[in-house]
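To start, the structure itself, in C-alpha cells.
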Amino acid sequence: MLCINSLNVAWVCAGDNKNYGEIYLCIAVEYLHFVATDRRLGSCLVCNYDVKTVMQLLPMDEDHEAVSIVSVGYVAPDFSHP
C-alpha cells in the first residue's frame, strides 16, 4: 500500500504554518498496523525506497507526495519473533 499526502488539502496550523497532512497520514498508518495485527496479519512500514521508481510505477501530480509504503500479508506459520 502506498500512502500519499495531499499537499494542498490538509489543515495548515496558523501558528507555525505547518501542513499537518503528513502527521494525520502517519496516525492512519499506525491504525492500519493495529487493524492488521488484530486480524492476524503482519505489516511492515517500508521507509527506504526509491522515490523516483515509485513515481514511475504510480504517477501522481505534483500536489501529492509519497510518504510511506506499507506491506500487509499473512505471516509464515513457522515465523518466531526474536
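Every chain in the C-alpha cells has a letter given in the order shown (A, B, ...), and although residue numbers restart at 1 in each chain, ligands are simply numbered from 1 in the order shown.
The residues of chain A that DSSP classifies as alpha helix (DSSP H), using the backbone of this structure, are Gly21, Glu22, Ile23, Tyr24, Leu25, Cys26, Ile27, Ala28, Val29, Glu30, Tyr31, Leu32, His33, Phe34, Val35, Ala36, Thr37, Asp38, Val51, Lys52, Thr53, Val54, Met55, Gln56 and Leu57 of chain A.
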_Nearby residues (only C-alpha atoms) at most 12 Å from Tyr24 (chain A), same-chain spacing under 2 positions excluded, as a ChimeraX atom specification_ = /A:3-6,9-12,19-22,26-31,67
*Residues of chain A in strand (DSSP E), written as a ChimeraX atom specification*: /A:2-6,42-46,64-73
Just-selected residues, all heavy atoms written as a short mmCIF file (atom, residue, chain, number, x, y, z; two decimals), in the first residue's frame:
data_model
loop_
_atom_site.label_atom_id
_atom_site.label_comp_id
_atom_site.auth_asym_id
_atom_site.auth_seq_id
_atom_site.Cartn_x
_atom_site.Cartn_y
_atom_site.Cartn_z
N LEU A 2 0.61 2.15 -0.88
CA LEU A 2 1.35 3.41 -0.94
C LEU A 2 0.52 4.48 -0.23
O LEU A 2 -0.67 4.64 -0.52
CB LEU A 2 1.59 3.83 -2.39
CG LEU A 2 2.29 5.16 -2.61
CD1 LEU A 2 3.71 5.11 -2.06
CD2 LEU A 2 2.30 5.52 -4.07
N CYS A 3 1.11 5.16 0.72
CA CYS A 3 0.43 6.21 1.46
C CYS A 3 0.84 7.56 0.91
O CYS A 3 2.02 7.88 0.86
CB CYS A 3 0.79 6.11 2.93
SG CYS A 3 0.36 4.50 3.63
N ILE A 4 -0.16 8.33 0.51
CA ILE A 4 0.08 9.58 -0.21
C ILE A 4 -0.47 10.76 0.59
O ILE A 4 -1.57 10.69 1.13
CB ILE A 4 -0.57 9.53 -1.59
CG1 ILE A 4 0.01 8.38 -2.40
CG2 ILE A 4 -0.42 10.86 -2.33
CD1 ILE A 4 -0.74 8.12 -3.68
N ASN A 5 0.29 11.82 0.65
CA ASN A 5 -0.14 13.05 1.29
C ASN A 5 -0.55 14.07 0.22
O ASN A 5 0.19 14.30 -0.71
CB ASN A 5 1.00 13.61 2.14
CG ASN A 5 0.62 14.88 2.87
OD1 ASN A 5 -0.54 15.09 3.18
ND2 ASN A 5 1.60 15.70 3.16
N SER A 6 -1.72 14.65 0.39
CA SER A 6 -2.16 15.72 -0.50
C SER A 6 -1.69 17.04 0.09
O SER A 6 -2.12 17.44 1.17
CB SER A 6 -3.68 15.72 -0.63
OG SER A 6 -4.10 16.79 -1.41
N GLY A 42 0.47 -9.71 9.24
CA GLY A 42 1.71 -8.99 9.50
C GLY A 42 1.72 -7.71 8.69
O GLY A 42 1.11 -7.63 7.62
N SER A 43 2.40 -6.70 9.18
CA SER A 43 2.54 -5.45 8.43
C SER A 43 3.92 -4.88 8.70
O SER A 43 4.51 -5.11 9.75
CB SER A 43 1.45 -4.45 8.83
OG SER A 43 1.54 -4.13 10.21
N CYS A 44 4.41 -4.16 7.71
CA CYS A 44 5.75 -3.61 7.82
C CYS A 44 5.79 -2.26 7.11
O CYS A 44 5.37 -2.15 5.96
CB CYS A 44 6.76 -4.57 7.20
SG CYS A 44 8.45 -3.97 7.29
N LEU A 45 6.30 -1.27 7.81
CA LEU A 45 6.48 0.05 7.22
C LEU A 45 7.77 0.05 6.42
O LEU A 45 8.83 -0.29 6.93
CB LEU A 45 6.54 1.11 8.32
CG LEU A 45 6.75 2.54 7.89
CD1 LEU A 45 5.60 3.03 7.04
CD2 LEU A 45 6.93 3.42 9.11
N VAL A 46 7.67 0.40 5.15
CA VAL A 46 8.84 0.46 4.28
C VAL A 46 9.23 1.93 4.15
O VAL A 46 8.47 2.74 3.62
CB VAL A 46 8.53 -0.14 2.89
CG1 VAL A 46 9.75 -0.05 1.99
CG2 VAL A 46 8.04 -1.57 3.02
N HIS A 64 0.76 16.04 -4.74
CA HIS A 64 0.78 14.88 -3.85
C HIS A 64 2.21 14.38 -3.68
O HIS A 64 3.04 14.59 -4.55
CB HIS A 64 -0.10 13.75 -4.41
CG HIS A 64 -1.54 14.11 -4.45
ND1 HIS A 64 -2.09 14.87 -5.47
CD2 HIS A 64 -2.54 13.82 -3.60
CE1 HIS A 64 -3.38 15.03 -5.22
NE2 HIS A 64 -3.68 14.41 -4.10
N GLU A 65 2.44 13.70 -2.57
CA GLU A 65 3.75 13.11 -2.34
C GLU A 65 3.59 11.74 -1.69
O GLU A 65 2.69 11.53 -0.89
CB GLU A 65 4.61 14.00 -1.44
CG GLU A 65 4.09 14.13 -0.02
CD GLU A 65 4.99 14.95 0.89
OE1 GLU A 65 6.15 15.18 0.54
OE2 GLU A 65 4.49 15.34 1.96
N ALA A 66 4.47 10.83 -2.05
CA ALA A 66 4.51 9.51 -1.42
C ALA A 66 5.19 9.67 -0.07
O ALA A 66 6.28 10.22 0.02
CB ALA A 66 5.26 8.53 -2.30
N VAL A 67 4.54 9.20 0.98
CA VAL A 67 5.08 9.34 2.32
C VAL A 67 5.64 8.02 2.83
O VAL A 67 6.71 7.97 3.40
CB VAL A 67 4.02 9.89 3.29
CG1 VAL A 67 4.54 9.93 4.71
CG2 VAL A 67 3.55 11.26 2.85
N SER A 68 4.91 6.95 2.61
CA SER A 68 5.39 5.64 3.07
C SER A 68 4.72 4.53 2.27
O SER A 68 3.70 4.73 1.63
CB SER A 68 5.13 5.45 4.56
OG SER A 68 3.74 5.39 4.81
N ILE A 69 5.34 3.38 2.35
CA ILE A 69 4.77 2.16 1.78
C ILE A 69 4.55 1.20 2.93
O ILE A 69 5.41 1.06 3.80
CB ILE A 69 5.73 1.55 0.74
CG1 ILE A 69 5.93 2.51 -0.43
CG2 ILE A 69 5.20 0.20 0.25
CD1 ILE A 69 6.97 2.06 -1.43
N VAL A 70 3.41 0.54 2.96
CA VAL A 70 3.11 -0.44 3.99
C VAL A 70 2.82 -1.77 3.32
O VAL A 70 1.95 -1.85 2.45
CB VAL A 70 1.90 -0.02 4.85
CG1 VAL A 70 1.60 -1.05 5.91
CG2 VAL A 70 2.14 1.34 5.48
N SER A 71 3.57 -2.78 3.70
CA SER A 71 3.26 -4.12 3.20
C SER A 71 2.40 -4.83 4.25
O SER A 71 2.64 -4.70 5.46
CB SER A 71 4.55 -4.91 2.93
OG SER A 71 5.29 -5.05 4.12
N VAL A 72 1.39 -5.54 3.78
CA VAL A 72 0.48 -6.27 4.66
C VAL A 72 0.30 -7.66 4.08
O VAL A 72 0.12 -7.82 2.87
CB VAL A 72 -0.90 -5.57 4.76
CG1 VAL A 72 -1.86 -6.34 5.64
CG2 VAL A 72 -0.75 -4.14 5.27
N GLY A 73 0.36 -8.68 4.93
CA GLY A 73 0.17 -10.03 4.43
C GLY A 73 0.14 -11.04 5.55
O GLY A 73 0.26 -10.71 6.74
#
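Shortest atom-to-atom contact with Leu7 (chain A) among A:Met60, A:Ala76, A:Cys47, A:Val54: A:Met60, counting only C-alpha atoms.
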*Expressed in Å to a single decimal, how great is the separation between CA of Cys13 (chain A) and CA of Asp63 (chain A)?*
18.5 Å
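Going from CA of Leu41 (chain A) over to CA of Val75 (chain A), you cover 6.2 Å.
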